[in-house]
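Working notes, beginning with the structure itself.
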Amino acid sequence: MIDRLYWKYAADALIWLLLLTMPFWLNWVGGYTQLGTQIVVMALAAMALNFLLGYTGVLSFGHAAYFGLGVYGAGLTIKYLIPSTLTGMAVGVLTAVVAAAIIGLLIVHLRGIYFAMVTIAFGQVFYFVAYRWNNVTGGDDGLSNWNRMPIDFGFARLDILHSPVAFYYFVLFFFVVSVAIMAALLRSPFGRTLLAIRENERRARFLGIPVDRHIWLSWLISCTFVGLAGTLYAFLNNFADPHTLYWEQSGVFVIMAVLGGMRSFWGPLIGAAIFVALQDYVSTMTQNWMSFIGLFFVLIVLFFPRGVLGVIRRKTSS
Amino acid sequence: MTQLILFNVFNGLIIGAFYALMALGLSLILNLSGVINFAHGGFLAIGAYLAFTLMPFIGFWGALVVAPILTAIFGLIIERLLIRPLYGRDPLYSLLLTFGLAFMFEDGTRFIWGPQTLPFSVPDWLSSPLSSEYFFLTGYRLFMVALVSLAVIVLFIVLGRTRLGMRIRAGTLDLETVSVLGVNVRILRSLNFGLGIYMAGLAGVLAAGMLGLQPTIGSELIMPSFVAIIIGGLGSLPGTLVGGLLIGVASGVTTVFFPSASEAVIYVMMGLILLVRPRGLFGEEGRF
């Protein structure tokens, strides 16, 4: 038992160490700083999705909508209203939260594949809005000609615009805060209740737990952090792409969570790292990236459904 | 103005018939096997492209008969090899698998037939307008409506009157009991899947004649089909049919007044339906 805990702390420490030093070793293994930033952003989105998927047992296939709302919320704010990174973030996250709260009320009593289907379909509304509202969102071409702004603290200035390393740590800061909040929530009685709902919803209901309200809250928390990841993604590219709202993106988040291991806290981080690195590598090699990603999905489902951490955990416990 | 509205209502009805044909296939598979078949649009595209390839050899009518059957056979192979191992597992996995297949099919058709829009010619006597005043009433469109109606009627007869249909309907309600009563559930699921894919292939051939042939033809039609199922009510095939026609007409009418919302309107409708009647128009209470 003590041995297990020891390993767990060691693994946590290793992950934090790797994340904190990423800009320094990534070039050595053939990456670049922006790639590392992208991994952290995608990991945040995938871990946020996993809060709902892996820890509440609710299958959402439409998280791209809230990711994309974060992207566009941040982009539109900076382009048209106030050229301030933090304001853009606040607006982006708020947009995602409000949309998630309203849609959540409509769908929270649905379950299983019905829930999945409705989330998929609802995601498309925002895509069509972004796609069709040409003169504001730039339509299919996306929203360009804006960029993230350096942050002025008064006593110091953080130039995240021109220094990729500074931007990496800016993103990592929000990653750390978000992950800490999610971890704390999962350890709280609220988080344990979510686990109870995942394991046996009927029994949880018999115990007097307001199941729908818990699922709604979990959905809202999940969408909030996905929206936050979306704003960071917008800053990473200085661009808002309508494809971040498309249902393909939702599938990518889910496969990241599955690939890393849905039942483990750090799983989606590992899934996101593998996926982003692979995407970066394969898309320079071939035009047929879609076929590869499709094949990747099929192979994972057939041969690797537990994910990396699921397999490791099984090996160590047996 | 009346003519314009009539034109768009009719147009919407035709698009709605596509949605319905596709959604019925999706619904069949979903109800019996609990699989959300994301690759349905990919099967539709394959049906359309097969018809295109076969047409120089066996003509339009031959392609109309053969292409959907070939698509269904392809569907059966996919079901046997990839989807069967996932029955009984978390629906997440079949969803992800068919999601991956959808990517592969779309990219595969682009790889084989090229990314450009291909001409898909229907017989001349079908493509000429029937009257000069109602120019949109081409023979092909009427023919399509007739054929879709026929396909739907045959489907409902098969489900309602034949032994296979009876077993499919029973399996939808309680697959375990059906299995205990001596029905080979594996074969039942395969046949049901093949039937669903056949309808996707048929929709593909018809869609190619109307919308033109391009690799994204399937992924453009799949989302509205989901919406059709949700509006009609999960588990109800007549509901799916009504849902498909309803959203087709709704988006057609919206095109007249507010063209840029013609896609978004169906999702708004879905939101309203879920608000007022969460199980959908014809869905059973408490099934999902």
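We name chains A, B, ... following the order of the structure tokens; residues begin at 1 in each chain, and ligands are numbered from 1 as shown.
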
Discussion item. At a cut-off of 12 Å, using only C-alpha atoms, what residues contact A:Leu18? Leave out same-chain residues fewer than 5 positions from it and give the result as a PyMOL selection string.
Written reply: chain A and resi 11-13+23-26+36+40+172+269-270+273

Contacts of stretch 131-135 of chain A at 10 Å or less, counting only C-alpha atoms, minus same-chain residues fewer than 2 places along, as a PDB file with C-alpha atoms, in the first residue's frame?
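The resulting file, selection-v6.pdb, is shown below:
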```pdb
ATOM      1  CA  VAL A 125     -25.213  25.304 -34.148  1.00  0.00           C
ATOM      2  CA  PHE A 126     -22.169  27.352 -33.202  1.00  0.00           C
ATOM      3  CA  TYR A 127     -20.240  26.006 -36.142  1.00  0.00           C
ATOM      4  CA  PHE A 128     -22.898  27.228 -38.554  1.00  0.00           C
ATOM      5  CA  VAL A 129     -23.087  30.586 -36.801  1.00  0.00           C
ATOM      6  CA  THR A 137     -16.393  35.900 -37.783  1.00  0.00           C
ATOM      7  CA  GLY A 138     -14.640  35.695 -41.132  1.00  0.00           C
ATOM      8  CA  GLY A 139     -16.673  32.644 -42.110  1.00  0.00           C
ATOM      9  CA  ASP A 140     -14.779  29.692 -43.473  1.00  0.00           C
ATOM     10  CA  ASP A 141     -11.521  31.665 -43.586  1.00  0.00           C
ATOM     11  CA  GLY A 142     -11.550  32.146 -39.833  1.00  0.00           C
ATOM     12  CA  LEU A 143     -10.874  35.212 -37.749  1.00  0.00           C
ATOM     13  CA  ASP A 241     -10.575  28.600 -36.960  1.00  0.00           C
ATOM     14  CA  PRO A 242     -14.191  27.463 -37.533  1.00  0.00           C
ATOM     15  CA  HIS A 243     -12.936  23.886 -37.477  1.00  0.00           C
ATOM     16  CA  LEU A 245     -16.132  24.209 -33.506  1.00  0.00           C
TER      17      LEU A 245
ATOM     18  CA  PRO B 259     -30.900  32.266 -45.979  1.00  0.00           C
ATOM     19  CA  SER B 260     -27.888  32.343 -43.665  1.00  0.00           C
ATOM     20  CA  ALA B 261     -29.865  30.614 -40.905  1.00  0.00           C
ATOM     21  CA  SER B 262     -31.040  27.745 -43.099  1.00  0.00           C
ATOM     22  CA  GLU B 263     -28.621  25.308 -41.434  1.00  0.00           C
ATOM     23  CA  ALA B 264     -28.885  26.595 -37.890  1.00  0.00           C
TER      24      ALA B 264
END
```

Expected answer as a PDB file with C-alpha atoms, in the first residue's frame: chain B residues within 6 Å of chain A, only C-alpha atoms:
```pdb
ATOM      1  CA  TYR B  93     -16.219   2.559 -28.390  1.00  0.00           C
ATOM      2  CA  LEU B  97     -14.787   3.365 -34.235  1.00  0.00           C
ATOM      3  CA  GLY B 100     -12.703   6.837 -37.419  1.00  0.00           C
ATOM      4  CA  LEU B 101     -14.336   4.930 -40.260  1.00  0.00           C
ATOM      5  CA  PHE B 103     -12.724   9.805 -41.687  1.00  0.00           C
ATOM      6  CA  MET B 104     -11.286   6.887 -43.615  1.00  0.00           C
ATOM      7  CA  ASP B 107     -10.492  10.398 -47.376  1.00  0.00           C
ATOM      8  CA  SER B 260     -27.888  32.343 -43.665  1.00  0.00           C
ATOM      9  CA  ALA B 264     -28.885  26.595 -37.890  1.00  0.00           C
ATOM     10  CA  LEU B 275     -37.360  21.739 -24.080  1.00  0.00           C
TER      11      LEU B 275
END
```

Item to complete: In Å, rounded to a single decimal, give me how far atom CA of A:Asp159 is from atom CA of A:Lys79.
Response: 18.7 Å

Item to complete: Would you please give, as a list of chain:residue names, all residues of stretch 68-235 of chain B that DSSP assigns to strand (DSSP E or B) based on the backbone?
Response: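 After running DSSP on the backbone, stretch 68-235 of chain B has strand (DSSP E or B) at B:Leu118, B:Pro129, B:Thr138, B:Leu213.
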
Discussion item. Give me, as an NGL selection string, the residues of stretch 16-246 of chain A that a backbone DSSP run labels alpha helix (DSSP H).
Written reply: :A and (16-20 or 22-25 or 33-53 or 64-76 or 85-107 or 112-132 or 134-137 or 164-187 or 189-199 or 201-206 or 211-237)

Worksheet item: atom CA of B:Arg167 to atom CA of B:Val154: how many Å, to one decimal?
Response: 16.5 Å

Worksheet entry | Surrounding residues of stretch 190-192 of chain A excluding itself and chain neighbours under 3 positions, 10 Å, only C-alpha atoms, as an NGL selection string | :A and (51 or 55-56 or 182-187 or 195-198 or 214 or 217-218)

Discussion item. From the options A:Phe239, A:Ser188, A:Phe303, A:Tyr233, which residue's atoms come nearest to A:Leu35, counting only C-alpha atoms?
Written reply: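 Closest residue, counting only C-alpha atoms: A:Tyr233.
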
Worksheet item: At what distance in Å, to one decimal, does atom CA of A:Ile221 lie from atom CA of A:Gln249?
Response: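 Spanning atom CA of A:Gln249 to atom CA of A:Ile221 is a straight-line distance of 19.2 Å.
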
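Distance annotation: of B:Tyr49, B:Met55, B:Asn11, B:Phe43, the residue with the minimal separation from B:Gly114 is B:Tyr49; atom set is only C-alpha atoms.
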